[in-house]
Amino acid sequence: MTFQIVINLIIAIGWMFFTESYTLPGFIMGYILGILSLLLLSRFISDTFYLKRLFKVATLIGMFFRALITSNIDMIKLIYMKKPEFEPGIFALPTTLKSDLEIVMLVHLISLTPRTLSVAVARDHSHLYIHAMDIDSIGETIDTIKSSFEQAIMEVTR
Amino acid sequence: MSVTEVIVSIFLLIGAFFSLLGALGLIRLPDVYNRAHAAGKSSTFGVIFLILATFLFFLFTGEFNAKLLLAILFVFLTAPLSSLMVSRSAHRTDVPLYDKSIRDDLQETHKKKEKKQQKET
């Protein structure tokens, strides 16, 4: 990935020298040309095209904000309820993510999804302990955590 | 009142509403862990909207203040983790869960560890 960015920068600066316009628009023009040439040559580079990964980062950030907004709408219902009637509990969620960065991102996402809050991480990173406000209706949430969140994080980091 | 003022006030009102919601949640919900939900989610959202309103206000007066966007980033990064730390340290110091709680997997692992330590000593 870094290799591709360096090549892209070299092409952009080369374009600046080529056209003799040492300005920001010249640089941006060169950068766009670099992206295009990298796209053309992406068949010969073993790594995936780096803007694809950038796009995945953007979808992950979108996921963060969507979780934040839905959980806050849920919070309104929950807090203005006449009497809070739910059965909270802490459950262990096995996770396949390994590195610290991935775990932190998953912890963030879980804390921001409606009715779940990560409480602790197991020392060997194999489990996350999650406090759920309504543990009976949590099955669906676990499915989304396992399928979409872990998948999206893995696509960004690996 | 101009259009920009209306937009900025809408953002401010949303931010204030969610900050109030977080505070109400802190009072109304039963135990530390449930309160951490309210503190972690609603206050983050409220603060983000308040900062956005400030950002828009300065943007309309013709000043692009990127520091405020950075502030949003840092609030976003730290708030969920701080609620994690609060609830984790609460659990470590044996703060009881709400009466209606029905499951506690973390408690079991703690007990296992304690048994191990007792065996070792």
# chains A, B, ... in the order shown; residues from 1 in each chain; ligands from 1

call {"tool": "closest_atom_pairs", "arguments": {"of": "chain B", "to": "chain A", "cutoff": "8 Å", "atoms": "only C-alpha atoms", "output": "JSON lines"}}
result
{"residue": "B:Leu21", "atom": "CA", "partner": "A:Ile76", "partner_atom": "CA", "distance": 7.1}
{"residue": "B:Leu24", "atom": "CA", "partner": "A:Ile79", "partner_atom": "CA", "distance": 7.2}
{"residue": "B:Gly25", "atom": "CA", "partner": "A:Ile79", "partner_atom": "CA", "distance": 5.8}
{"residue": "B:Arg28", "atom": "CA", "partner": "A:Ile79", "partner_atom": "CA", "distance": 7.0}
{"residue": "B:Leu29", "atom": "CA", "partner": "A:Pro84", "partner_atom": "CA", "distance": 7.3}
{"residue": "B:Tyr33", "atom": "CA", "partner": "A:His131", "partner_atom": "CA", "distance": 7.2}
{"residue": "B:Asn34", "atom": "CA", "partner": "A:Met133", "partner_atom": "CA", "distance": 6.9}
{"residue": "B:Ala36", "atom": "CA", "partner": "A:Leu117", "partner_atom": "CA", "distance": 8.0}
{"residue": "B:His37", "atom": "CA", "partner": "A:Leu117", "partner_atom": "CA", "distance": 6.4}
{"residue": "B:Ala38", "atom": "CA", "partner": "A:Met75", "partner_atom": "CA", "distance": 7.3}
{"residue": "B:Gly40", "atom": "CA", "partner": "A:Ser111", "partner_atom": "CA", "distance": 7.6}
{"residue": "B:Lys41", "atom": "CA", "partner": "A:Leu112", "partner_atom": "CA", "distance": 6.3}
{"residue": "B:Ser42", "atom": "CA", "partner": "A:Asn72", "partner_atom": "CA", "distance": 5.9}
{"residue": "B:Phe45", "atom": "CA", "partner": "A:Leu68", "partner_atom": "CA", "distance": 7.2}
{"residue": "B:Pro80", "atom": "CA", "partner": "A:Ser111", "partner_atom": "CA", "distance": 5.9}
{"residue": "B:Leu81", "atom": "CA", "partner": "A:His108", "partner_atom": "CA", "distance": 7.0}
{"residue": "B:Leu84", "atom": "CA", "partner": "A:Val119", "partner_atom": "CA", "distance": 5.2}
{"residue": "B:Met85", "atom": "CA", "partner": "A:Val119", "partner_atom": "CA", "distance": 7.5}
{"residue": "B:Ser87", "atom": "CA", "partner": "A:Val119", "partner_atom": "CA", "distance": 5.7}
{"residue": "B:Arg88", "atom": "CA", "partner": "A:Val119", "partner_atom": "CA", "distance": 5.2}
{"residue": "B:Tyr98", "atom": "CA", "partner": "A:Pro88", "partner_atom": "CA", "distance": 7.5}
{"residue": "B:Lys100", "atom": "CA", "partner": "A:Glu87", "partner_atom": "CA", "distance": 5.4}
{"residue": "B:Ser101", "atom": "CA", "partner": "A:Pro88", "partner_atom": "CA", "distance": 4.7}
{"residue": "B:Ile102", "atom": "CA", "partner": "A:Gly89", "partner_atom": "CA", "distance": 5.6}
{"residue": "B:Arg103", "atom": "CA", "partner": "A:Gly89", "partner_atom": "CA", "distance": 4.6}
{"residue": "B:Asp104", "atom": "CA", "partner": "A:Ile90", "partner_atom": "CA", "distance": 4.5}
{"residue": "B:Asp105", "atom": "CA", "partner": "A:Phe91", "partner_atom": "CA", "distance": 5.1}
{"residue": "B:Leu106", "atom": "CA", "partner": "A:Tyr129", "partner_atom": "CA", "distance": 6.5}

call {"tool": "write_last_selection", "arguments": {"atoms": "C-alpha atoms", "output": "mmCIF file, in the first residue's frame"}}
result
data_model
loop_
_atom_site.group_PDB
_atom_site.id
_atom_site.type_symbol
_atom_site.label_atom_id
_atom_site.label_comp_id
_atom_site.auth_asym_id
_atom_site.auth_seq_id
_atom_site.Cartn_x
_atom_site.Cartn_y
_atom_site.Cartn_z
ATOM 1 C CA LEU B 21 -30.651 13.080 27.454
ATOM 2 C CA LEU B 24 -31.237 12.235 32.384
ATOM 3 C CA GLY B 25 -29.947 8.777 31.565
ATOM 4 C CA ARG B 28 -32.824 7.442 35.549
ATOM 5 C CA LEU B 29 -31.039 4.230 34.635
ATOM 6 C CA TYR B 33 -23.213 -0.182 33.581
ATOM 7 C CA ASN B 34 -26.534 1.063 32.234
ATOM 8 C CA ALA B 36 -22.330 4.190 31.172
ATOM 9 C CA HIS B 37 -24.515 3.484 28.143
ATOM 10 C CA ALA B 38 -26.148 6.894 28.460
ATOM 11 C CA GLY B 40 -21.026 7.008 26.418
ATOM 12 C CA LYS B 41 -23.552 7.439 23.650
ATOM 13 C CA SER B 42 -25.795 10.441 24.198
ATOM 14 C CA PHE B 45 -23.583 12.768 20.234
ATOM 15 C CA PRO B 80 -16.559 5.194 24.174
ATOM 16 C CA LEU B 81 -13.208 4.112 25.591
ATOM 17 C CA LEU B 84 -15.388 1.175 28.803
ATOM 18 C CA MET B 85 -12.794 2.075 31.441
ATOM 19 C CA SER B 87 -17.532 0.113 33.581
ATOM 20 C CA ARG B 88 -14.474 -2.126 33.638
ATOM 21 C CA TYR B 98 -28.908 -4.166 38.530
ATOM 22 C CA LYS B 100 -32.945 -7.710 37.105
ATOM 23 C CA SER B 101 -29.671 -8.628 35.470
ATOM 24 C CA ILE B 102 -29.763 -12.238 34.402
ATOM 25 C CA ARG B 103 -26.314 -13.074 33.180
ATOM 26 C CA ASP B 104 -22.718 -12.187 34.005
ATOM 27 C CA ASP B 105 -20.027 -14.013 32.100
ATOM 28 C CA LEU B 106 -17.294 -11.718 33.297
#

call {"tool": "residues_around", "arguments": {"residues": "Ser42 in chain A", "least_positions_apart": "5", "cutoff": "12 Å", "atoms": "only C-alpha atoms", "output": "compact mmCIF listing (two decimals) with N, CA, C and O atoms, in the first residue's frame"}}
result
# COMPACT_ATOMS: atom_id res chain seq x y z
N MET A 1 0.82 -1.22 0.00
CA MET A 1 0.00 0.00 0.00
C MET A 1 0.85 1.26 0.00
O MET A 1 0.64 2.17 -0.79
N GLN A 4 2.46 1.89 -3.34
CA GLN A 4 1.60 2.52 -4.35
C GLN A 4 1.46 4.02 -4.12
O GLN A 4 1.48 4.81 -5.07
N GLY A 34 -1.70 10.10 -11.77
CA GLY A 34 -1.05 8.97 -11.11
C GLY A 34 -2.06 7.89 -10.75
O GLY A 34 -1.81 6.69 -10.94
N ILE A 35 -3.21 8.31 -10.21
CA ILE A 35 -4.26 7.34 -9.87
C ILE A 35 -4.69 6.57 -11.12
O ILE A 35 -4.81 5.35 -11.10
N LEU A 36 -4.88 7.32 -12.22
CA LEU A 36 -5.32 6.66 -13.46
C LEU A 36 -4.29 5.65 -13.94
O LEU A 36 -4.63 4.52 -14.30
N SER A 37 -2.99 6.05 -13.90
CA SER A 37 -1.98 5.12 -14.41
C SER A 37 -1.86 3.91 -13.49
O SER A 37 -1.65 2.79 -13.95
N ASP A 47 -0.37 -6.19 -4.79
CA ASP A 47 -1.27 -5.69 -3.77
C ASP A 47 -2.55 -5.12 -4.43
O ASP A 47 -2.55 -4.80 -5.61
N THR A 48 -3.64 -5.03 -3.65
CA THR A 48 -4.84 -4.43 -4.23
C THR A 48 -4.67 -2.92 -4.33
O THR A 48 -3.87 -2.33 -3.62
N PHE A 49 -5.45 -2.33 -5.22
CA PHE A 49 -5.37 -0.90 -5.45
C PHE A 49 -5.70 -0.14 -4.17
O PHE A 49 -6.67 -0.45 -3.50
N TYR A 50 -4.86 0.86 -3.81
CA TYR A 50 -4.98 1.41 -2.46
C TYR A 50 -6.20 2.27 -2.25
O TYR A 50 -6.69 2.41 -1.13
N LEU A 51 -6.76 2.84 -3.32
CA LEU A 51 -7.97 3.64 -3.11
C LEU A 51 -9.17 2.76 -2.74
O LEU A 51 -10.09 3.21 -2.08
N LYS A 52 -9.09 1.47 -3.16
CA LYS A 52 -10.13 0.54 -2.78
C LYS A 52 -10.17 0.41 -1.27
O LYS A 52 -11.22 0.40 -0.64

call {"tool": "closest_residue", "arguments": {"among": "B:Ala16, B:Val6, B:Val95, B:Ala23", "to": "Val47 in chain B", "atoms": "only C-alpha atoms"}}
result
B:Ala16

call {"tool": "select_by_dssp", "arguments": {"residues": "chain B", "states": "helix (DSSP H, G or I)", "output": "PyMOL selection string"}}
result
chain B and resi 3-28+32-60+66-92+105-120

call {"tool": "atom_distance", "arguments": {"atom1": "CA of Val57 in chain A", "atom2": "CA of Leu73 in chain B"}}
result
15.0 Å

call {"tool": "closest_residue", "arguments": {"among": "A:Asp124, A:Gly139, A:Ala58, A:Ser99", "to": "Ala152 in chain A", "atoms": "only C-alpha atoms"}}
result
A:Ala58

call {"tool": "select_by_dssp", "arguments": {"residues": "range 55-126 of chain A", "states": "strand (DSSP E or B)", "output": "PyMOL selection string"}}
result
chain A and resi 89-94+116-121

call {"tool": "closest_residue", "arguments": {"among": "B:Asp31, B:Met1, B:Phe18, B:Gly62", "to": "Asp99 in chain B", "atoms": "only C-alpha atoms"}}
result
B:Asp31

call {"tool": "atom_distance", "arguments": {"atom1": "CA of Ile48 in chain B", "atom2": "CA of Arg53 in chain A"}}
result
26.8 Å
